[in-house]
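S.K.: One structure follows; several queries about it will come next.
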Amino acid sequence: MLLGGAALGVAYSRADLQRLLRQAGIDDELIGLDDETLIDFQGGGPDVWD
């Protein structure tokens with residue numbers, strides 16, 4: 001996961017992504033994890049994790 005060009009980690013699940021967002025100080029409830037205008041998924045997407 002990149003935020004402003006800085007690598008925060010790799011997410012392999014929704015829980016990973018939520019954890020990384022929280023660690024970056026972002027309220028994960030404010031971000032739709034399926035919003036591909038905010039999140040650029042590589043090699044899959046939120047539907048792959050369901």
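Chain labels run A, B, ... following the order of the structure tokens; each chain numbers its residues from 1, and ligands are numbered from 1 in the order shown.
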Can you tell me, as an MDAnalysis selection string, what residues are no more than 12 Å from Gly9 (chain A) when counting only C-alpha atoms, ignoring any on the same chain fewer than 6 positions away?
M.R.: chainID A and resid 1:3 16:21 23:24
S.K.: Could the residues in this selection be written to a file with all heavy atoms, as a PDB file, in the first residue's frame?
M.R.:
ATOM      1  N   MET A   1       0.839  -1.154   0.000  1.00  0.00           N
ATOM      2  CA  MET A   1       0.000   0.000   0.000  1.00  0.00           C
ATOM      3  C   MET A   1       0.888   1.221   0.000  1.00  0.00           C
ATOM      4  O   MET A   1       1.825   1.316   0.773  1.00  0.00           O
ATOM      5  CB  MET A   1      -0.893  -0.017   1.241  1.00  0.00           C
ATOM      6  CG  MET A   1      -1.792   1.175   1.342  1.00  0.00           C
ATOM      7  SD  MET A   1      -2.878   0.991   2.771  1.00  0.00           S
ATOM      8  CE  MET A   1      -3.215   2.673   3.079  1.00  0.00           C
ATOM      9  N   LEU A   2       0.598   2.151  -0.910  1.00  0.00           N
ATOM     10  CA  LEU A   2       1.304   3.418  -0.975  1.00  0.00           C
ATOM     11  C   LEU A   2       0.385   4.543  -0.540  1.00  0.00           C
ATOM     12  O   LEU A   2      -0.790   4.563  -0.891  1.00  0.00           O
ATOM     13  CB  LEU A   2       1.773   3.712  -2.406  1.00  0.00           C
ATOM     14  CG  LEU A   2       2.816   2.791  -3.004  1.00  0.00           C
ATOM     15  CD1 LEU A   2       3.060   3.155  -4.465  1.00  0.00           C
ATOM     16  CD2 LEU A   2       4.110   2.871  -2.234  1.00  0.00           C
ATOM     17  N   LEU A   3       0.923   5.472   0.200  1.00  0.00           N
ATOM     18  CA  LEU A   3       0.176   6.653   0.606  1.00  0.00           C
ATOM     19  C   LEU A   3       1.099   7.840   0.400  1.00  0.00           C
ATOM     20  O   LEU A   3       2.122   7.954   1.074  1.00  0.00           O
ATOM     21  CB  LEU A   3      -0.274   6.561   2.068  1.00  0.00           C
ATOM     22  CG  LEU A   3      -1.042   7.754   2.605  1.00  0.00           C
ATOM     23  CD1 LEU A   3      -2.386   7.897   1.880  1.00  0.00           C
ATOM     24  CD2 LEU A   3      -1.259   7.627   4.088  1.00  0.00           C
ATOM     25  N   ASP A  16      -6.219  -6.592   6.373  1.00  0.00           N
ATOM     26  CA  ASP A  16      -4.889  -5.999   6.190  1.00  0.00           C
ATOM     27  C   ASP A  16      -5.005  -4.550   5.741  1.00  0.00           C
ATOM     28  O   ASP A  16      -4.303  -3.671   6.248  1.00  0.00           O
ATOM     29  CB  ASP A  16      -4.080  -6.763   5.134  1.00  0.00           C
ATOM     30  CG  ASP A  16      -3.568  -8.102   5.590  1.00  0.00           C
ATOM     31  OD1 ASP A  16      -3.628  -8.405   6.793  1.00  0.00           O
ATOM     32  OD2 ASP A  16      -3.103  -8.862   4.711  1.00  0.00           O
ATOM     33  N   LEU A  17      -5.872  -4.308   4.778  1.00  0.00           N
ATOM     34  CA  LEU A  17      -6.044  -2.954   4.249  1.00  0.00           C
ATOM     35  C   LEU A  17      -6.570  -2.020   5.334  1.00  0.00           C
ATOM     36  O   LEU A  17      -6.068  -0.902   5.506  1.00  0.00           O
ATOM     37  CB  LEU A  17      -6.985  -2.973   3.046  1.00  0.00           C
ATOM     38  CG  LEU A  17      -7.227  -1.640   2.352  1.00  0.00           C
ATOM     39  CD1 LEU A  17      -5.929  -0.953   1.968  1.00  0.00           C
ATOM     40  CD2 LEU A  17      -8.107  -1.843   1.132  1.00  0.00           C
ATOM     41  N   GLN A  18      -7.533  -2.482   6.099  1.00  0.00           N
ATOM     42  CA  GLN A  18      -8.076  -1.664   7.189  1.00  0.00           C
ATOM     43  C   GLN A  18      -7.002  -1.369   8.231  1.00  0.00           C
ATOM     44  O   GLN A  18      -6.894  -0.247   8.724  1.00  0.00           O
ATOM     45  CB  GLN A  18      -9.276  -2.370   7.827  1.00  0.00           C
ATOM     46  CG  GLN A  18     -10.476  -2.390   6.908  1.00  0.00           C
ATOM     47  CD  GLN A  18     -11.585  -3.291   7.401  1.00  0.00           C
ATOM     48  OE1 GLN A  18     -11.324  -4.389   7.894  1.00  0.00           O
ATOM     49  NE2 GLN A  18     -12.816  -2.840   7.277  1.00  0.00           N
ATOM     50  N   ARG A  19      -6.187  -2.353   8.556  1.00  0.00           N
ATOM     51  CA  ARG A  19      -5.111  -2.162   9.529  1.00  0.00           C
ATOM     52  C   ARG A  19      -4.102  -1.130   9.033  1.00  0.00           C
ATOM     53  O   ARG A  19      -3.692  -0.232   9.771  1.00  0.00           O
ATOM     54  CB  ARG A  19      -4.407  -3.494   9.814  1.00  0.00           C
ATOM     55  CG  ARG A  19      -3.243  -3.390  10.787  1.00  0.00           C
ATOM     56  CD  ARG A  19      -2.518  -4.720  10.968  1.00  0.00           C
ATOM     57  NE  ARG A  19      -2.208  -5.420   9.732  1.00  0.00           N
ATOM     58  CZ  ARG A  19      -1.183  -5.131   8.925  1.00  0.00           C
ATOM     59  NH1 ARG A  19      -0.364  -4.152   9.237  1.00  0.00           N
ATOM     60  NH2 ARG A  19      -0.980  -5.825   7.832  1.00  0.00           N
ATOM     61  N   LEU A  20      -3.719  -1.231   7.758  1.00  0.00           N
ATOM     62  CA  LEU A  20      -2.761  -0.278   7.191  1.00  0.00           C
ATOM     63  C   LEU A  20      -3.329   1.140   7.171  1.00  0.00           C
ATOM     64  O   LEU A  20      -2.611   2.098   7.462  1.00  0.00           O
ATOM     65  CB  LEU A  20      -2.353  -0.712   5.776  1.00  0.00           C
ATOM     66  CG  LEU A  20      -1.487  -1.964   5.706  1.00  0.00           C
ATOM     67  CD1 LEU A  20      -1.353  -2.434   4.258  1.00  0.00           C
ATOM     68  CD2 LEU A  20      -0.121  -1.720   6.319  1.00  0.00           C
ATOM     69  N   LEU A  21      -4.604   1.270   6.831  1.00  0.00           N
ATOM     70  CA  LEU A  21      -5.227   2.588   6.845  1.00  0.00           C
ATOM     71  C   LEU A  21      -5.222   3.170   8.256  1.00  0.00           C
ATOM     72  O   LEU A  21      -4.883   4.350   8.455  1.00  0.00           O
ATOM     73  CB  LEU A  21      -6.656   2.514   6.303  1.00  0.00           C
ATOM     74  CG  LEU A  21      -6.795   2.259   4.811  1.00  0.00           C
ATOM     75  CD1 LEU A  21      -8.239   1.960   4.448  1.00  0.00           C
ATOM     76  CD2 LEU A  21      -6.276   3.448   4.013  1.00  0.00           C
ATOM     77  N   GLN A  23      -3.194   2.453  10.730  1.00  0.00           N
ATOM     78  CA  GLN A  23      -1.816   2.776  11.105  1.00  0.00           C
ATOM     79  C   GLN A  23      -1.367   4.093  10.478  1.00  0.00           C
ATOM     80  O   GLN A  23      -0.524   4.788  11.036  1.00  0.00           O
ATOM     81  CB  GLN A  23      -0.867   1.655  10.697  1.00  0.00           C
ATOM     82  CG  GLN A  23      -1.004   0.422  11.550  1.00  0.00           C
ATOM     83  CD  GLN A  23      -0.123  -0.721  11.069  1.00  0.00           C
ATOM     84  OE1 GLN A  23       0.357  -0.746   9.934  1.00  0.00           O
ATOM     85  NE2 GLN A  23       0.088  -1.691  11.942  1.00  0.00           N
ATOM     86  N   ALA A  24      -1.933   4.420   9.314  1.00  0.00           N
ATOM     87  CA  ALA A  24      -1.597   5.675   8.639  1.00  0.00           C
ATOM     88  C   ALA A  24      -2.417   6.844   9.181  1.00  0.00           C
ATOM     89  O   ALA A  24      -2.278   7.967   8.714  1.00  0.00           O
ATOM     90  CB  ALA A  24      -1.821   5.532   7.132  1.00  0.00           C
TER      91      ALA A  24
END
S.K.: Could you write out, as a VMD selection string, all the residues of chain A that DSSP marks as helix (DSSP H, G or I)?
M.R.: chain A and resid 14 to 23 28 to 30 46 to 49
S.K.: I need the residues from that last selection saved to file as a PDB file, in the first residue's frame (with N, CA and C atoms), if you can.
M.R.:
ATOM      1  N   ARG A  14      -9.055  -7.671   3.282  1.00  0.00           N
ATOM      2  CA  ARG A  14      -9.696  -6.433   3.742  1.00  0.00           C
ATOM      3  C   ARG A  14      -9.171  -6.038   5.113  1.00  0.00           C
ATOM      4  N   ALA A  15      -8.970  -7.019   5.983  1.00  0.00           N
ATOM      5  CA  ALA A  15      -8.467  -6.728   7.327  1.00  0.00           C
ATOM      6  C   ALA A  15      -7.076  -6.092   7.268  1.00  0.00           C
ATOM      7  N   ASP A  16      -6.219  -6.592   6.373  1.00  0.00           N
ATOM      8  CA  ASP A  16      -4.889  -5.999   6.190  1.00  0.00           C
ATOM      9  C   ASP A  16      -5.005  -4.550   5.741  1.00  0.00           C
ATOM     10  N   LEU A  17      -5.872  -4.308   4.778  1.00  0.00           N
ATOM     11  CA  LEU A  17      -6.044  -2.954   4.249  1.00  0.00           C
ATOM     12  C   LEU A  17      -6.570  -2.020   5.334  1.00  0.00           C
ATOM     13  N   GLN A  18      -7.533  -2.482   6.099  1.00  0.00           N
ATOM     14  CA  GLN A  18      -8.076  -1.664   7.189  1.00  0.00           C
ATOM     15  C   GLN A  18      -7.002  -1.369   8.231  1.00  0.00           C
ATOM     16  N   ARG A  19      -6.187  -2.353   8.556  1.00  0.00           N
ATOM     17  CA  ARG A  19      -5.111  -2.162   9.529  1.00  0.00           C
ATOM     18  C   ARG A  19      -4.102  -1.130   9.033  1.00  0.00           C
ATOM     19  N   LEU A  20      -3.719  -1.231   7.758  1.00  0.00           N
ATOM     20  CA  LEU A  20      -2.761  -0.278   7.191  1.00  0.00           C
ATOM     21  C   LEU A  20      -3.329   1.140   7.171  1.00  0.00           C
ATOM     22  N   LEU A  21      -4.604   1.270   6.831  1.00  0.00           N
ATOM     23  CA  LEU A  21      -5.227   2.588   6.845  1.00  0.00           C
ATOM     24  C   LEU A  21      -5.222   3.170   8.256  1.00  0.00           C
ATOM     25  N   ARG A  22      -5.576   2.355   9.243  1.00  0.00           N
ATOM     26  CA  ARG A  22      -5.594   2.830  10.633  1.00  0.00           C
ATOM     27  C   ARG A  22      -4.202   3.234  11.091  1.00  0.00           C
ATOM     28  N   GLN A  23      -3.194   2.453  10.730  1.00  0.00           N
ATOM     29  CA  GLN A  23      -1.816   2.776  11.105  1.00  0.00           C
ATOM     30  C   GLN A  23      -1.367   4.093  10.478  1.00  0.00           C
ATOM     31  N   ASP A  28     -10.721   4.103   8.473  1.00  0.00           N
ATOM     32  CA  ASP A  28     -11.079   3.200   7.376  1.00  0.00           C
ATOM     33  C   ASP A  28     -12.575   3.176   7.116  1.00  0.00           C
ATOM     34  N   GLU A  29     -13.382   3.616   8.069  1.00  0.00           N
ATOM     35  CA  GLU A  29     -14.830   3.650   7.859  1.00  0.00           C
ATOM     36  C   GLU A  29     -15.241   4.776   6.933  1.00  0.00           C
ATOM     37  N   LEU A  30     -14.355   5.756   6.722  1.00  0.00           N
ATOM     38  CA  LEU A  30     -14.653   6.872   5.829  1.00  0.00           C
ATOM     39  C   LEU A  30     -14.320   6.558   4.376  1.00  0.00           C
ATOM     40  N   PRO A  46     -11.168  -5.751  -4.334  1.00  0.00           N
ATOM     41  CA  PRO A  46     -11.917  -6.128  -3.151  1.00  0.00           C
ATOM     42  C   PRO A  46     -12.802  -7.353  -3.362  1.00  0.00           C
ATOM     43  N   ASP A  47     -13.243  -7.569  -4.587  1.00  0.00           N
ATOM     44  CA  ASP A  47     -14.077  -8.737  -4.863  1.00  0.00           C
ATOM     45  C   ASP A  47     -13.298 -10.048  -4.754  1.00  0.00           C
ATOM     46  N   VAL A  48     -11.990  -9.991  -4.939  1.00  0.00           N
ATOM     47  CA  VAL A  48     -11.139 -11.185  -4.839  1.00  0.00           C
ATOM     48  C   VAL A  48     -11.010 -11.603  -3.372  1.00  0.00           C
ATOM     49  N   TRP A  49     -11.090 -10.633  -2.462  1.00  0.00           N
ATOM     50  CA  TRP A  49     -10.918 -10.922  -1.042  1.00  0.00           C
ATOM     51  C   TRP A  49     -12.190 -11.402  -0.376  1.00  0.00           C
TER      52      TRP A  49
END
S.K.: Measure the distance from CA of Gly5 (chain A) to CA of Asp40 (chain A) in Å and round it to one decimal.
M.R.: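 Calculated distance between CA of Gly5 (chain A) and CA of Asp40 (chain A) is 12.7 Å.
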S.K.: For the strand (DSSP E) assignment from backbone DSSP, which residues of chain A qualify? Please present them as an mmCIF file with C-alpha atoms, in the first residue's frame.
M.R.:
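File states.cif, as written:
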data_model
loop_
_atom_site.group_PDB
_atom_site.id
_atom_site.type_symbol
_atom_site.label_atom_id
_atom_site.label_comp_id
_atom_site.auth_asym_id
_atom_site.auth_seq_id
_atom_site.Cartn_x
_atom_site.Cartn_y
_atom_site.Cartn_z
ATOM 1 C CA LEU A 2 1.304 3.418 -0.975
ATOM 2 C CA LEU A 3 0.176 6.653 0.606
ATOM 3 C CA ALA A 6 5.431 6.148 0.809
ATOM 4 C CA ALA A 7 5.124 2.364 1.111
#
